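What follows is a single structure, written as structure tokens, with notes after it.
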Amino acid sequence: MKRAMLFVLCLVCLCPAAWAADLDFTVAPQAIDIHALYNGTTITMTGSVPEGCQVVARFVGAPQNVALKKKGKVFGLLWMNRETLHFGNAPGVCLIAASAPEKALGAAAAELGLSGLAKGLTIEPATAEDDALRTEFLLLKKQEGLYRQDAGTVTLGQPAGAGQTFTAAIAVPSRLSPGSYAVEISAIKDGRVVAQGLRAVEAKLSGAPAFLADLAFNHGALYGVLASVIAILGGLGIGLVFQSKGAH
């Protein structure tokens, strides 16, 4: 939990002006349990924003450095992996839900969307194709289900007094990695962020995945022996099956 809170504080420090007005909202679940039968989950956010605002909700992972191979033709004939590209400032997950299309929300929404994320990516070594590479990186992450941006998936309630309620739901993919994540809610009016809120969500392994991870990282020798035994038994089992089929 301390790691999750530190992650949240780092995000706040990156954009202190955006957090002048804090939104009060709830998140469920507040922790994600990655067990043997985990097949994704849905994060639900409910709260209120100032009257007349649109809402952008984000589920974001910590920034990472992602290394990818760039393909190219060798001798003008064969497509092969060539240089390694390092994409910096790339969150492991970025899932976005909004109450309206990005074009209708103005410049602030663009910064919070995937287009703003792409602009913040760093690429090493730098090339003349940086913009094209950023586009391809986003496409790859979308295909993996780790980046997504949906409009109209946040429901706004009727204005009551000086505020109005909202409900947002973000589907989290099954390939989520353990770690600290942040849920962000931004209230946008006249093209700018007028209020923002942040909550931490921790994803942890449990049950069989947690046992295997502990075995692999903390008891490497035992893990290797067990893996070898399972492989041998699996091979013997397959051999017996094919032998029995051959006998008929």
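Each chain in the structure tokens gets a letter, A, B and so on, in the order shown; residues start at 1 in every chain, and ligands are counted from 1 in the order they appear.
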For A:Ala210, work out the shell of residues within 12 Å, counting only C-alpha atoms and skipping chain neighbours fewer than 6 positions away, then give it as an mmCIF file with N, CA and C atoms, in the first residue's frame.
```
data_model
loop_
_atom_site.group_PDB
_atom_site.id
_atom_site.type_symbol
_atom_site.label_atom_id
_atom_site.label_comp_id
_atom_site.auth_asym_id
_atom_site.auth_seq_id
_atom_site.Cartn_x
_atom_site.Cartn_y
_atom_site.Cartn_z
ATOM 1 N N ASP A 33 -7.384 -8.556 -7.245
ATOM 2 C CA ASP A 33 -6.850 -9.857 -6.849
ATOM 3 C C ASP A 33 -6.600 -10.691 -8.105
ATOM 4 N N ILE A 34 -5.335 -10.926 -8.450
ATOM 5 C CA ILE A 34 -4.987 -11.715 -9.634
ATOM 6 C C ILE A 34 -4.774 -13.162 -9.203
ATOM 7 N N HIS A 35 -5.823 -13.955 -9.301
ATOM 8 C CA HIS A 35 -5.770 -15.357 -8.883
ATOM 9 C C HIS A 35 -5.755 -16.252 -10.117
ATOM 10 N N ALA A 36 -5.814 -17.567 -9.908
ATOM 11 C CA ALA A 36 -5.679 -18.518 -11.014
ATOM 12 C C ALA A 36 -6.801 -18.378 -12.040
ATOM 13 N N PRO A 178 0.959 -7.424 -11.853
ATOM 14 C CA PRO A 178 0.915 -6.934 -10.463
ATOM 15 C C PRO A 178 1.640 -5.601 -10.357
ATOM 16 N N ALA A 203 -2.704 -3.994 -7.543
ATOM 17 C CA ALA A 203 -2.979 -5.312 -8.118
ATOM 18 C C ALA A 203 -1.951 -6.303 -7.570
ATOM 19 N N LYS A 204 -2.461 -7.394 -6.971
ATOM 20 C CA LYS A 204 -1.567 -8.364 -6.332
ATOM 21 C C LYS A 204 -1.891 -9.785 -6.767
ATOM 22 N N ALA A 216 9.522 -19.157 -7.976
ATOM 23 C CA ALA A 216 10.448 -18.835 -9.054
ATOM 24 C C ALA A 216 11.491 -17.813 -8.630
ATOM 25 N N PHE A 217 11.075 -16.796 -7.857
ATOM 26 C CA PHE A 217 11.985 -15.697 -7.514
ATOM 27 C C PHE A 217 12.763 -15.937 -6.228
ATOM 28 N N ASN A 218 12.198 -16.704 -5.309
ATOM 29 C CA ASN A 218 12.844 -16.884 -4.008
ATOM 30 C C ASN A 218 13.378 -18.289 -3.754
#
```
**Contacts of A:Asp190 within 9 Å, only C-alpha atoms, excl. fewer than 2 positions in-chain, as a PyMOL selection string** = chain A and resi 53+105-106+188+192-193
**Item:** Every residue of stretch 7-178 of chain A that DSSP places in strand (DSSP E or B), as a ChimeraX atom specification
**Value:** /A:22,25-28,31-34,41-50,54-61,63-74,78-91,94-98,122-124,147-151,154-160,163-172
**Asked** How would you write, as a ChimeraX atom specification, the set of residues in stretch 12-244 of chain A that DSSP gives as helix (DSSP H, G or I)?
**Response** /A:12-14,16-19,102-105,107-112,114-120,130-143,207-218,220-244
**Item:** Using only C-alpha atoms: which of A:Val27, A:Ala128, A:Ala208, A:Leu138 has the shortest distance to A:Thr44
**Value:**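 Closest residue, counting only C-alpha atoms: A:Val27.
Shortest separation to A:Ala169 among A:Gln149, A:Thr46, A:Thr135, A:Ser115 occurs at residue A:Thr46, atoms counted being only C-alpha atoms.
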**Distance criterion (only C-alpha atoms): nearest to A:Arg199 out of A:Ala182, A:Val229, A:Met45, A:Leu176** =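 That would be A:Ala182, the residue with the smallest distance to A:Arg199.
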Excluding same-chain residues fewer than 3 positions from A:Glu124, what lies within 7 Å of it counting only C-alpha atoms, as an mmCIF file with N, CA and C atoms, in the first residue's frame?
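Saved file selection_1.cif follows:
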```cif
data_model
loop_
_atom_site.group_PDB
_atom_site.id
_atom_site.type_symbol
_atom_site.label_atom_id
_atom_site.label_comp_id
_atom_site.auth_asym_id
_atom_site.auth_seq_id
_atom_site.Cartn_x
_atom_site.Cartn_y
_atom_site.Cartn_z
ATOM 1 N N LEU A 85 14.705 -0.074 -30.172
ATOM 2 C CA LEU A 85 14.176 1.238 -29.817
ATOM 3 C C LEU A 85 13.694 1.212 -28.373
ATOM 4 N N HIS A 86 13.988 2.266 -27.627
ATOM 5 C CA HIS A 86 13.563 2.375 -26.231
ATOM 6 C C HIS A 86 12.520 3.495 -26.118
ATOM 7 N N PHE A 87 11.304 3.097 -25.748
ATOM 8 C CA PHE A 87 10.224 4.054 -25.554
ATOM 9 C C PHE A 87 10.135 4.380 -24.059
#
```
**Message:** Report, in Å to a single decimal, how far apart atom CA of A:Val60 and atom CA of A:Ile170 are.
**Reply:** 11.1 Å
**Prompt:** Which of these residues is nearest to A:Glu136, using only C-alpha atoms: A:Ala231, A:Leu226, A:Ser99, A:Leu68?
**Reply:**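 Once distances to A:Glu136 are computed over only C-alpha atoms, the minimum belongs to A:Leu68.
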**Request:** Write out as a PyMOL selection string which residues come within 9 Å of A:Leu156 when counting only C-alpha atoms, dropping same-chain ones fewer than 6 positions away.
**Result:** chain A and resi 48+54-55+99+164-168
